[in-house]
Structures are given as C-alpha cells and as structure tokens.
>>> print(open('final_9.txt').read())   # compact mmCIF, C-alpha atoms
# COMPACT_ATOMS: atom_id res chain seq x y z
CA MET A 1 0.00 0.00 0.00
CA ASN A 2 1.55 3.31 -1.11
CA ALA A 3 1.45 6.56 0.88
CA PHE A 4 -1.31 8.07 -1.26
CA THR A 5 -3.63 5.13 -0.67
CA SER A 6 -2.93 5.20 3.06
CA ILE A 7 -3.75 8.93 3.29
CA PHE A 8 -6.95 8.42 1.24
CA LEU A 9 -8.14 5.61 3.54
CA LEU A 10 -7.40 7.67 6.65
CA LEU A 11 -9.37 10.64 5.28
CA ALA A 12 -12.28 8.38 4.32
CA LEU A 13 -12.31 6.86 7.81
CA PHE A 14 -12.17 10.32 9.43
CA PHE A 15 -15.08 11.76 7.44
CA SER A 16 -17.22 8.64 7.84
CA THR A 17 -16.66 8.79 11.60
CA VAL A 18 -17.53 12.49 11.75
CA SER A 19 -20.63 11.88 9.63
CA PHE A 20 -21.74 8.99 11.85
CA SER A 21 -21.15 11.00 15.03
CA PHE A 22 -23.10 13.94 13.63
CA ALA A 23 -26.02 11.73 12.57
CA HIS A 24 -25.98 9.99 15.94
CA ALA A 25 -26.05 13.33 17.77
CA LYS A 26 -29.00 14.52 15.67
CA LYS A 27 -30.86 11.31 16.45
CA GLN A 28 -30.18 11.71 20.17
CA ASN A 29 -31.37 15.32 20.09
CA LYS A 30 -34.55 14.25 18.32
CA TYR A 31 -35.26 11.66 21.05
CA LYS A 32 -34.65 14.32 23.73
CA GLU A 33 -37.08 16.70 22.01
CA ILE A 34 -39.73 13.98 21.80
CA GLU A 35 -39.22 13.12 25.46
CA ARG A 36 -39.47 16.79 26.48
CA ALA A 37 -42.68 17.18 24.46
CA ARG A 38 -44.14 14.01 25.98
CA LYS A 39 -43.28 15.17 29.49
CA HIS A 40 -44.76 18.61 28.86
CA ALA A 41 -47.98 17.09 27.48
CA TYR A 42 -48.24 14.81 30.52
CA GLU A 43 -47.70 17.69 32.96
CA LEU A 44 -50.25 19.83 31.09
CA GLY A 45 -52.79 17.00 31.15
CA GLU A 46 -52.18 16.43 34.86
CA TRP A 47 -52.61 20.14 35.57
CA HIS A 48 -55.96 20.21 33.73
CA HIS A 49 -57.01 17.00 35.49
CA MET A 50 -56.34 18.50 38.92
CA HIS A 51 -57.60 21.99 38.06
CA ALA A 52 -60.99 20.66 36.93
CA ARG A 53 -61.42 18.77 40.21
CA LEU A 54 -60.11 21.45 42.57
CA GLN A 55 -61.39 24.71 41.10
CA VAL A 56 -65.00 24.51 42.32
CA PRO A 57 -64.20 23.13 45.82
CA GLU A 58 -61.59 25.88 46.19
CA GLU A 59 -64.11 28.57 45.21
CA LEU A 60 -66.65 27.19 47.69
CA GLY A 61 -64.08 27.01 50.51
CA CYS A 62 -64.47 23.24 50.81
CA LEU A 63 -60.73 22.61 51.09
CA ASN A 64 -60.07 24.72 54.17
CA GLY A 65 -59.40 22.67 57.30
CA GLU A 66 -56.84 21.10 59.59
CA THR A 67 -57.37 17.42 58.78
CA LEU A 68 -58.15 15.62 55.52
CA VAL A 69 -58.58 12.07 54.23
CA ASP A 70 -58.12 11.30 50.52
CA VAL A 71 -60.22 8.21 49.81
CA GLY A 72 -58.70 6.45 46.81
CA CYS A 73 -55.52 8.53 46.84
CA GLY A 74 -53.76 6.71 43.99
CA SER A 75 -50.40 8.29 43.15
CA GLY A 76 -50.89 10.92 45.86
CA ARG A 77 -50.82 13.98 43.63
CA PHE A 78 -53.81 15.54 45.41
CA LEU A 79 -52.30 14.75 48.80
CA ARG A 80 -49.13 16.58 47.76
CA HIS A 81 -51.24 19.58 46.79
CA PHE A 82 -53.16 19.58 50.08
CA LYS A 83 -50.01 19.24 52.15
CA LEU A 84 -47.68 21.59 50.28
CA GLN A 85 -50.03 24.15 48.72
CA LYS A 86 -53.05 24.18 51.03
CA LYS A 87 -50.88 23.63 54.15
CA ILE A 88 -53.40 21.22 55.67
CA ARG A 89 -51.81 20.09 58.92
CA PHE A 90 -52.71 16.39 58.84
CA CYS A 91 -53.48 14.43 55.66
CA VAL A 92 -53.93 10.69 55.23
CA GLY A 93 -54.44 8.68 52.05
CA LEU A 94 -56.33 5.44 51.51
CA ASP A 95 -56.23 3.04 48.59
CA LEU A 96 -57.25 -0.59 48.11
CA SER A 97 -54.22 -1.42 45.94
CA LYS A 98 -51.10 -2.58 47.81
CA GLN A 99 -48.96 -1.89 44.76
CA VAL A 100 -50.24 1.69 44.50
CA ILE A 101 -49.72 2.38 48.22
CA TYR A 102 -46.17 0.96 48.20
CA SER A 103 -45.27 2.96 45.08
CA THR A 104 -46.72 6.20 46.52
CA LYS A 105 -44.95 5.63 49.86
CA ARG A 106 -41.65 5.23 48.03
CA HIS A 107 -42.27 8.41 46.02
CA PHE A 108 -43.17 10.38 49.17
CA ARG A 109 -39.99 9.20 50.90
CA GLU A 110 -37.91 10.38 47.95
CA LYS A 111 -39.61 13.79 48.14
CA GLY A 112 -39.31 14.02 51.93
CA LEU A 113 -43.09 14.01 52.42
CA HIS A 114 -44.50 12.53 55.62
CA ILE A 115 -48.08 11.59 54.79
CA PRO A 116 -49.60 8.38 56.23
CA LEU A 117 -50.90 5.95 53.60
CA ILE A 118 -53.18 3.03 54.41
CA ILE A 119 -54.24 -0.03 52.41
CA CYS A 120 -57.96 0.09 52.98
CA ASP A 121 -61.39 -0.70 51.54
CA ALA A 122 -63.29 2.57 51.02
CA GLU A 123 -66.49 0.81 52.08
CA LYS A 124 -64.98 -0.08 55.48
CA MET A 125 -62.74 2.75 56.67
CA PRO A 126 -60.95 2.25 60.02
CA PHE A 127 -61.91 5.64 61.44
CA ALA A 128 -64.42 6.85 63.99
CA ASP A 129 -67.34 9.05 62.96
CA ASN A 130 -66.51 12.71 62.26
CA THR A 131 -62.74 12.15 62.28
CA PHE A 132 -61.71 14.59 59.51
CA ASP A 133 -62.53 18.19 58.68
CA ILE A 134 -62.51 17.24 55.00
CA ALA A 135 -63.27 13.96 53.24
CA PHE A 136 -62.00 14.11 49.66
CA SER A 137 -62.44 11.55 46.90
CA THR A 138 -61.94 11.84 43.17
CA ASP A 139 -62.47 9.28 40.39
CA MET A 140 -63.05 6.54 42.95
CA ILE A 141 -66.71 5.91 43.82
CA GLU A 142 -67.48 4.66 40.29
CA HIS A 143 -65.08 1.76 40.88
CA LEU A 144 -66.73 0.50 44.08
CA PRO A 145 -68.81 -2.71 44.19
CA HIS A 146 -71.42 -0.88 46.30
CA THR A 147 -71.28 2.85 45.50
CA PRO A 148 -73.93 3.94 48.09
CA LYS A 149 -71.93 2.21 50.85
CA GLY A 150 -68.75 4.02 49.82
CA VAL A 151 -70.53 7.39 49.76
CA GLN A 152 -72.02 6.64 53.19
CA GLU A 153 -68.54 5.92 54.59
CA ILE A 154 -67.13 9.15 53.14
CA VAL A 155 -69.94 11.08 54.82
CA ARG A 156 -69.49 9.19 58.10
CA VAL A 157 -65.80 10.03 58.60
CA SER A 158 -66.22 13.74 57.76
CA ARG A 159 -67.24 16.27 60.39
CA ASP A 160 -67.50 19.28 58.12
CA LYS A 161 -66.82 19.18 54.38
CA ILE A 162 -67.12 16.52 51.68
CA VAL A 163 -65.72 16.72 48.15
CA ILE A 164 -66.58 13.93 45.71
CA CYS A 165 -65.57 14.10 42.04
CA ALA A 166 -66.88 11.46 39.65
CA PRO A 167 -67.78 11.10 35.96
CA ASN A 168 -71.39 11.87 35.11
CA LYS A 169 -73.23 8.79 33.90
CA LEU A 170 -75.25 10.92 31.47
CA CYS A 171 -72.25 12.65 29.88
CA PRO A 172 -72.22 11.85 26.13
CA ILE A 173 -68.41 11.73 26.09
CA ASP A 174 -66.82 8.77 27.88
CA MET A 175 -63.30 10.05 28.58
CA SER A 176 -62.30 6.67 29.96
CA ARG A 177 -62.92 5.06 26.57
CA ILE A 178 -61.16 7.88 24.73
CA ALA A 179 -58.10 7.50 26.99
CA GLU A 180 -58.19 3.76 26.34
CA LEU A 181 -58.11 4.34 22.57
CA PHE A 182 -54.95 6.42 22.96
CA GLY A 183 -53.36 3.71 25.09
CA SER A 184 -53.09 5.87 28.22
CA HIS A 185 -55.72 4.13 30.29
CA GLN A 186 -56.42 0.59 31.37
CA PRO A 187 -60.12 0.21 32.25
CA PRO A 188 -60.65 -1.17 35.78
CA GLU A 189 -62.82 -4.16 36.51
CA ILE A 190 -65.67 -2.02 37.85
CA GLU A 191 -66.99 1.16 36.25
CA ASN A 192 -70.38 2.05 37.73
CA TYR A 193 -70.94 5.67 36.75
CA VAL A 194 -73.65 7.62 38.54
CA SER A 195 -75.76 10.58 37.49
CA ARG A 196 -76.00 13.85 39.40
CA PHE A 197 -79.45 12.83 40.65
CA GLN A 198 -78.16 9.45 41.89
CA LEU A 199 -75.19 11.02 43.70
CA ARG A 200 -77.42 13.63 45.33
CA LYS A 201 -79.76 10.86 46.51
CA MET A 202 -76.87 8.84 47.95
CA LEU A 203 -75.60 11.86 49.87
CA GLN A 204 -79.05 12.58 51.28
CA ASN A 205 -79.54 8.93 52.26
CA ALA A 206 -76.18 9.13 54.07
CA GLY A 207 -77.49 11.99 56.19
CA ILE A 208 -76.53 15.11 54.26
CA LYS A 209 -79.21 17.80 54.27
CA LYS A 210 -80.60 18.50 50.81
CA GLU A 211 -79.89 22.26 50.99
CA THR A 212 -76.19 21.70 51.71
CA VAL A 213 -75.54 19.53 48.64
CA VAL A 214 -73.89 21.39 45.76
CA ILE A 215 -73.31 19.41 42.57
CA LEU A 216 -71.61 21.18 39.69
CA GLU A 217 -70.13 19.94 36.44
CA LYS A 218 -66.66 20.83 35.25
CA SER A 219 -64.71 19.38 32.33
CA PHE A 220 -60.99 18.68 32.73
CA LEU A 221 -60.51 19.61 29.07
CA PRO A 222 -58.89 23.00 28.36
CA ILE A 223 -62.21 24.22 26.92
CA GLY A 224 -64.09 23.25 30.10
>>> encode(input="final_9.txt", output="structure tokens")
Amino acid sequence: MNAFTSIFLLLALFFSTVSFSFAHAKKQNKYKEIERARKHAYELGEWHHMHARLQVPEELGCLNGETLVDVGCGSGRFLRHFKLQKKIRFCVGLDLSKQVIYSTKRHFREKGLHIPLIICDAEKMPFADNTFDIAFSTDMIEHLPHTPKGVQEIVRVSRDKIVICAPNKLCPIDMSRIAELFGSHQPPEIENYVSRFQLRKMLQNAGIKKETVVILEKSFLPIG
C-alpha cells in the first residue's frame, strides 16, 4: 500500500466517523425533544385534570381545614397539593391497591413528604365518625362494588366538608374510553358511573341535608 492510498483511507475513515457521530447526535437530540414534548404534554394533562377537580371546591371554601382524608388517593398527587399548597396540617391517604400504596410511599420518601398511607377498603374505613374536617375523593366511587356504601362511609368520617368528584353517567363523552383508545388508560374491573341525581340521593340517604348539597359539572378539558 503506497502513501497516497494510506492517506486516502485515513481521510475516508475520518469523514465517515464524523458523519456517523453527527447523525448519531442529531438522532439523540430528536429523542430528547420527543421526550421533552411528551413530558410537557403529561404535565399539562395532569394540571388540567387536577384543576378541573379542585377549582369549584376551592371557590366554595371546601378545602379549608386542619385534617383531611383522601379516599382512593392513587399516586398521591392531590395529597401533595393539600399538604404543600393548602398547608393542611394532617393528611392521610387510603387506597385498596397494595402496589399503589407501596409505590406512593416510596415516592413520598424520595420527596421528603410525611403523609400516612393506608391499604384500605373505602367501604370499610378504620376511622371513627366525624374524624376529619374534609373527606375528599376523586375518580373513585365509580369503581366500588357498592357505591352507596362508599358514599355513606365518606360522609361518616367527615365532620364538616365533603368533596366527591366522579364522571357523570349521562355525559355523552366517555373520557375513559377515549383515553383507552390512545393507550393511556387501562379500564378497571368495575366502572359504575352515577348521574348527578343518583349522587345527590346517595348523599341525602347518608345523612346530608338537601340544601347543603352542591353538585356542579366541570370538564378537565382545556375548553371546560
């Protein structure tokens, strides 16, 4: 191999390496942009999800108190809000899923949050009557085997305020099914939606006076 051939091969190797590195960097940047966009969309969706459920209770003053139970707390995002933003002195979360509770406990430890979490059936809560200033539950009662019993328990453990958020049975748009189509939702075994009339009746049967029941509709969509 003469000197000219050697130089030519070295140059070819150099430029192919530079080209590969440049293409690889562009590909990595594209993945980072996609990941940033996905994260932003998730955070925006979560904000709308929470805003739709908290706006009306906030306006009515239903989230002011010293003690709160989140029935069906899930990932604990509402508990974080109540503890860090609302400064509620004592919060406790309940969920029937061991996996969910363990995962949320681990997340809270990492964030330095000290919020008790209990594996518990919402239809049989281990609390005395009138234990909490606020009983809060969102997207949970429609997954209970006996919805009226769950509503009765939520009423029983609250001494002052009750906030229940649930899909309206009569809503023409089933967001659960739409989320399933986009692959972001796995339908649970039980989905017993209730209408506004049915929820009002359950609350009254649990001992809530008719004139104190306020049921409003709010979409979590940006246009809502």
>>> atom_distance(input="final_9.txt", atom1="CA of Leu96 in chain A", atom2="CA of Leu84 in chain A")
24.3 Å
>>> closest_residue(input="final_9.txt", among="A:Ile115, A:Leu94, A:Val56, A:Cys165", to="Arg80 in chain A", atoms="only C-alpha atoms")
A:Ile115
>>> residues_around(input="final_9.txt", residues="Ile164 in chain A", least_positions_apart="6", cutoff="12 Å", atoms="only C-alpha atoms", output="PDB file with C-alpha atoms, keeping the file's coordinate frame")
ATOM      1  CA  ARG A  53     -61.420  18.770  40.210  1.00  0.00           C
ATOM      2  CA  LEU A  54     -60.110  21.450  42.570  1.00  0.00           C
ATOM      3  CA  VAL A  56     -65.000  24.510  42.320  1.00  0.00           C
ATOM      4  CA  PRO A  57     -64.200  23.130  45.820  1.00  0.00           C
ATOM      5  CA  CYS A  62     -64.470  23.240  50.810  1.00  0.00           C
ATOM      6  CA  LEU A  63     -60.730  22.610  51.090  1.00  0.00           C
ATOM      7  CA  VAL A  69     -58.580  12.070  54.230  1.00  0.00           C
ATOM      8  CA  ASP A  70     -58.120  11.300  50.520  1.00  0.00           C
ATOM      9  CA  VAL A  71     -60.220   8.210  49.810  1.00  0.00           C
ATOM     10  CA  GLY A  72     -58.700   6.450  46.810  1.00  0.00           C
ATOM     11  CA  ILE A 134     -62.510  17.240  55.000  1.00  0.00           C
ATOM     12  CA  ALA A 135     -63.270  13.960  53.240  1.00  0.00           C
ATOM     13  CA  PHE A 136     -62.000  14.110  49.660  1.00  0.00           C
ATOM     14  CA  SER A 137     -62.440  11.550  46.900  1.00  0.00           C
ATOM     15  CA  THR A 138     -61.940  11.840  43.170  1.00  0.00           C
ATOM     16  CA  ASP A 139     -62.470   9.280  40.390  1.00  0.00           C
ATOM     17  CA  MET A 140     -63.050   6.540  42.950  1.00  0.00           C
ATOM     18  CA  ILE A 141     -66.710   5.910  43.820  1.00  0.00           C
ATOM     19  CA  GLU A 142     -67.480   4.660  40.290  1.00  0.00           C
ATOM     20  CA  GLY A 150     -68.750   4.020  49.820  1.00  0.00           C
ATOM     21  CA  VAL A 151     -70.530   7.390  49.760  1.00  0.00           C
ATOM     22  CA  GLN A 152     -72.020   6.640  53.190  1.00  0.00           C
ATOM     23  CA  ILE A 154     -67.130   9.150  53.140  1.00  0.00           C
ATOM     24  CA  VAL A 155     -69.940  11.080  54.820  1.00  0.00           C
ATOM     25  CA  VAL A 194     -73.650   7.620  38.540  1.00  0.00           C
ATOM     26  CA  ARG A 196     -76.000  13.850  39.400  1.00  0.00           C
ATOM     27  CA  LEU A 199     -75.190  11.020  43.700  1.00  0.00           C
ATOM     28  CA  ARG A 200     -77.420  13.630  45.330  1.00  0.00           C
ATOM     29  CA  MET A 202     -76.870   8.840  47.950  1.00  0.00           C
ATOM     30  CA  LEU A 203     -75.600  11.860  49.870  1.00  0.00           C
ATOM     31  CA  VAL A 213     -75.540  19.530  48.640  1.00  0.00           C
ATOM     32  CA  VAL A 214     -73.890  21.390  45.760  1.00  0.00           C
ATOM     33  CA  ILE A 215     -73.310  19.410  42.570  1.00  0.00           C
ATOM     34  CA  LEU A 216     -71.610  21.180  39.690  1.00  0.00           C
ATOM     35  CA  GLU A 217     -70.130  19.940  36.440  1.00  0.00           C
TER      36      GLU A 217
END
>>> residues_around(input="final_9.txt", residues="Leu144 in chain A", least_positions_apart="4", cutoff="10 Å", atoms="all atoms listed in the file", output="PDB file with C-alpha atoms, keeping the file's coordinate frame")
ATOM      1  CA  ASP A 121     -61.390  -0.700  51.540  1.00  0.00           C
ATOM      2  CA  ALA A 122     -63.290   2.570  51.020  1.00  0.00           C
ATOM      3  CA  GLU A 123     -66.490   0.810  52.080  1.00  0.00           C
ATOM      4  CA  MET A 140     -63.050   6.540  42.950  1.00  0.00           C
ATOM      5  CA  PRO A 148     -73.930   3.940  48.090  1.00  0.00           C
ATOM      6  CA  LYS A 149     -71.930   2.210  50.850  1.00  0.00           C
ATOM      7  CA  GLY A 150     -68.750   4.020  49.820  1.00  0.00           C
ATOM      8  CA  VAL A 151     -70.530   7.390  49.760  1.00  0.00           C
ATOM      9  CA  GLU A 189     -62.820  -4.160  36.510  1.00  0.00           C
ATOM     10  CA  ILE A 190     -65.670  -2.020  37.850  1.00  0.00           C
ATOM     11  CA  GLU A 191     -66.990   1.160  36.250  1.00  0.00           C
ATOM     12  CA  ASN A 192     -70.380   2.050  37.730  1.00  0.00           C
ATOM     13  CA  TYR A 193     -70.940   5.670  36.750  1.00  0.00           C
TER      14      TYR A 193
END
>>> residues_around(input="final_9.txt", residues="Asp95 in chain A", least_positions_apart="2", cutoff="10 Å", atoms="only C-alpha atoms", output="CSV table (one decimal) with C-alpha atoms, keeping the file's coordinate frame")
chain,number,residue,atom,x,y,z
A,70,ASP,CA,-58.1,11.3,50.5
A,71,VAL,CA,-60.2,8.2,49.8
A,72,GLY,CA,-58.7,6.4,46.8
A,73,CYS,CA,-55.5,8.5,46.8
A,74,GLY,CA,-53.8,6.7,44.0
A,75,SER,CA,-50.4,8.3,43.2
A,76,GLY,CA,-50.9,10.9,45.9
A,93,GLY,CA,-54.4,8.7,52.0
A,97,SER,CA,-54.2,-1.4,45.9
A,98,LYS,CA,-51.1,-2.6,47.8
A,99,GLN,CA,-49.0,-1.9,44.8
A,100,VAL,CA,-50.2,1.7,44.5
A,101,ILE,CA,-49.7,2.4,48.2
A,117,LEU,CA,-50.9,6.0,53.6
A,118,ILE,CA,-53.2,3.0,54.4
A,119,ILE,CA,-54.2,0.0,52.4
A,120,CYS,CA,-58.0,0.1,53.0
A,121,ASP,CA,-61.4,-0.7,51.5
A,122,ALA,CA,-63.3,2.6,51.0
A,140,MET,CA,-63.0,6.5,43.0
>>> closest_residue(input="final_9.txt", among="A:His49, A:Gly112, A:Met125, A:Asp133", to="Ile88 in chain A", atoms="all atoms listed in the file")
A:Asp133
>>> atom_distance(input="final_9.txt", atom1="CA of Lys105 in chain A", atom2="CA of Glu66 in chain A")
21.8 Å
>>> atom_distance(input="final_9.txt", atom1="CA of Lys169 in chain A", atom2="CA of Leu68 in chain A")
27.2 Å
>>> closest_residue(input="final_9.txt", among="A:Ile162, A:Ala206, A:Leu113, A:Leu170", to="Gly61 in chain A", atoms="only C-alpha atoms")
A:Ile162
>>> build_atoms(input="final_9.txt", residues="range 83-114 of chain A", atoms="N, CA and C atoms", output="PDB file, in the coordinates of the input")
ATOM      1  N   LYS A  83     -51.047  19.078  51.136  1.00  0.00           N
ATOM      2  CA  LYS A  83     -50.010  19.240  52.150  1.00  0.00           C
ATOM      3  C   LYS A  83     -49.104  20.435  51.858  1.00  0.00           C
ATOM      4  N   LEU A  84     -48.678  20.572  50.617  1.00  0.00           N
ATOM      5  CA  LEU A  84     -47.680  21.590  50.280  1.00  0.00           C
ATOM      6  C   LEU A  84     -48.305  22.931  49.893  1.00  0.00           C
ATOM      7  N   GLN A  85     -49.421  22.895  49.180  1.00  0.00           N
ATOM      8  CA  GLN A  85     -50.030  24.150  48.720  1.00  0.00           C
ATOM      9  C   GLN A  85     -51.104  24.660  49.678  1.00  0.00           C
ATOM     10  N   LYS A  86     -51.970  23.766  50.127  1.00  0.00           N
ATOM     11  CA  LYS A  86     -53.050  24.180  51.030  1.00  0.00           C
ATOM     12  C   LYS A  86     -52.600  24.217  52.494  1.00  0.00           C
ATOM     13  N   LYS A  87     -51.442  23.619  52.784  1.00  0.00           N
ATOM     14  CA  LYS A  87     -50.880  23.630  54.150  1.00  0.00           C
ATOM     15  C   LYS A  87     -51.830  22.988  55.171  1.00  0.00           C
ATOM     16  N   ILE A  88     -52.534  21.945  54.741  1.00  0.00           N
ATOM     17  CA  ILE A  88     -53.400  21.220  55.670  1.00  0.00           C
ATOM     18  C   ILE A  88     -52.514  20.430  56.631  1.00  0.00           C
ATOM     19  N   ARG A  89     -52.731  20.603  57.894  1.00  0.00           N
ATOM     20  CA  ARG A  89     -51.810  20.090  58.920  1.00  0.00           C
ATOM     21  C   ARG A  89     -51.669  18.564  58.873  1.00  0.00           C
ATOM     22  N   PHE A  90     -52.782  17.851  58.822  1.00  0.00           N
ATOM     23  CA  PHE A  90     -52.710  16.390  58.840  1.00  0.00           C
ATOM     24  C   PHE A  90     -53.518  15.820  57.675  1.00  0.00           C
ATOM     25  N   CYS A  91     -52.834  15.103  56.798  1.00  0.00           N
ATOM     26  CA  CYS A  91     -53.480  14.430  55.660  1.00  0.00           C
ATOM     27  C   CYS A  91     -53.192  12.934  55.746  1.00  0.00           C
ATOM     28  N   VAL A  92     -54.141  12.139  55.309  1.00  0.00           N
ATOM     29  CA  VAL A  92     -53.930  10.690  55.230  1.00  0.00           C
ATOM     30  C   VAL A  92     -54.576  10.194  53.943  1.00  0.00           C
ATOM     31  N   GLY A  93     -53.920   9.231  53.295  1.00  0.00           N
ATOM     32  CA  GLY A  93     -54.440   8.680  52.050  1.00  0.00           C
ATOM     33  C   GLY A  93     -54.795   7.219  52.174  1.00  0.00           C
ATOM     34  N   LEU A  94     -55.877   6.831  51.516  1.00  0.00           N
ATOM     35  CA  LEU A  94     -56.330   5.440  51.510  1.00  0.00           C
ATOM     36  C   LEU A  94     -56.407   4.935  50.078  1.00  0.00           C
ATOM     37  N   ASP A  95     -56.036   3.669  49.896  1.00  0.00           N
ATOM     38  CA  ASP A  95     -56.230   3.040  48.590  1.00  0.00           C
ATOM     39  C   ASP A  95     -56.285   1.525  48.798  1.00  0.00           C
ATOM     40  N   LEU A  96     -57.079   0.871  47.970  1.00  0.00           N
ATOM     41  CA  LEU A  96     -57.250  -0.590  48.110  1.00  0.00           C
ATOM     42  C   LEU A  96     -56.056  -1.352  47.540  1.00  0.00           C
ATOM     43  N   SER A  97     -55.317  -0.737  46.625  1.00  0.00           N
ATOM     44  CA  SER A  97     -54.220  -1.420  45.940  1.00  0.00           C
ATOM     45  C   SER A  97     -52.914  -1.359  46.754  1.00  0.00           C
ATOM     46  N   LYS A  98     -52.388  -2.518  47.108  1.00  0.00           N
ATOM     47  CA  LYS A  98     -51.100  -2.580  47.810  1.00  0.00           C
ATOM     48  C   LYS A  98     -49.993  -2.002  46.944  1.00  0.00           C
ATOM     49  N   GLN A  99     -50.001  -2.364  45.677  1.00  0.00           N
ATOM     50  CA  GLN A  99     -48.960  -1.890  44.760  1.00  0.00           C
ATOM     51  C   GLN A  99     -48.942  -0.370  44.685  1.00  0.00           C
ATOM     52  N   VAL A 100     -50.131   0.230  44.590  1.00  0.00           N
ATOM     53  CA  VAL A 100     -50.240   1.690  44.500  1.00  0.00           C
ATOM     54  C   VAL A 100     -49.728   2.346  45.783  1.00  0.00           C
ATOM     55  N   ILE A 101     -50.137   1.815  46.932  1.00  0.00           N
ATOM     56  CA  ILE A 101     -49.720   2.380  48.220  1.00  0.00           C
ATOM     57  C   ILE A 101     -48.209   2.287  48.387  1.00  0.00           C
ATOM     58  N   TYR A 102     -47.616   1.128  48.064  1.00  0.00           N
ATOM     59  CA  TYR A 102     -46.170   0.960  48.200  1.00  0.00           C
ATOM     60  C   TYR A 102     -45.425   1.922  47.277  1.00  0.00           C
ATOM     61  N   SER A 103     -45.914   2.068  46.040  1.00  0.00           N
ATOM     62  CA  SER A 103     -45.270   2.960  45.080  1.00  0.00           C
ATOM     63  C   SER A 103     -45.366   4.419  45.546  1.00  0.00           C
ATOM     64  N   THR A 104     -46.536   4.812  46.055  1.00  0.00           N
ATOM     65  CA  THR A 104     -46.720   6.200  46.520  1.00  0.00           C
ATOM     66  C   THR A 104     -45.887   6.465  47.768  1.00  0.00           C
ATOM     67  N   LYS A 105     -45.796   5.481  48.661  1.00  0.00           N
ATOM     68  CA  LYS A 105     -44.950   5.630  49.860  1.00  0.00           C
ATOM     69  C   LYS A 105     -43.494   5.872  49.458  1.00  0.00           C
ATOM     70  N   ARG A 106     -43.028   5.095  48.487  1.00  0.00           N
ATOM     71  CA  ARG A 106     -41.650   5.230  48.030  1.00  0.00           C
ATOM     72  C   ARG A 106     -41.426   6.620  47.424  1.00  0.00           C
ATOM     73  N   HIS A 107     -42.380   7.076  46.640  1.00  0.00           N
ATOM     74  CA  HIS A 107     -42.270   8.410  46.020  1.00  0.00           C
ATOM     75  C   HIS A 107     -42.262   9.509  47.082  1.00  0.00           C
ATOM     76  N   PHE A 108     -43.120   9.383  48.093  1.00  0.00           N
ATOM     77  CA  PHE A 108     -43.170  10.380  49.170  1.00  0.00           C
ATOM     78  C   PHE A 108     -41.853  10.421  49.944  1.00  0.00           C
ATOM     79  N   ARG A 109     -41.278   9.250  50.189  1.00  0.00           N
ATOM     80  CA  ARG A 109     -39.990   9.200  50.900  1.00  0.00           C
ATOM     81  C   ARG A 109     -38.920   9.937  50.113  1.00  0.00           C
ATOM     82  N   GLU A 110     -38.904   9.720  48.805  1.00  0.00           N
ATOM     83  CA  GLU A 110     -37.910  10.380  47.950  1.00  0.00           C
ATOM     84  C   GLU A 110     -38.077  11.902  47.968  1.00  0.00           C
ATOM     85  N   LYS A 111     -39.323  12.356  48.134  1.00  0.00           N
ATOM     86  CA  LYS A 111     -39.610  13.790  48.140  1.00  0.00           C
ATOM     87  C   LYS A 111     -39.585  14.385  49.545  1.00  0.00           C
ATOM     88  N   GLY A 112     -39.345  13.536  50.550  1.00  0.00           N
ATOM     89  CA  GLY A 112     -39.310  14.020  51.930  1.00  0.00           C
ATOM     90  C   GLY A 112     -40.670  14.364  52.492  1.00  0.00           C
ATOM     91  N   LEU A 113     -41.729  13.750  51.947  1.00  0.00           N
ATOM     92  CA  LEU A 113     -43.090  14.010  52.420  1.00  0.00           C
ATOM     93  C   LEU A 113     -43.488  12.967  53.467  1.00  0.00           C
ATOM     94  N   HIS A 114     -44.068  13.436  54.556  1.00  0.00           N
ATOM     95  CA  HIS A 114     -44.500  12.530  55.620  1.00  0.00           C
ATOM     96  C   HIS A 114     -46.026  12.544  55.683  1.00  0.00           C
TER      97      HIS A 114
END
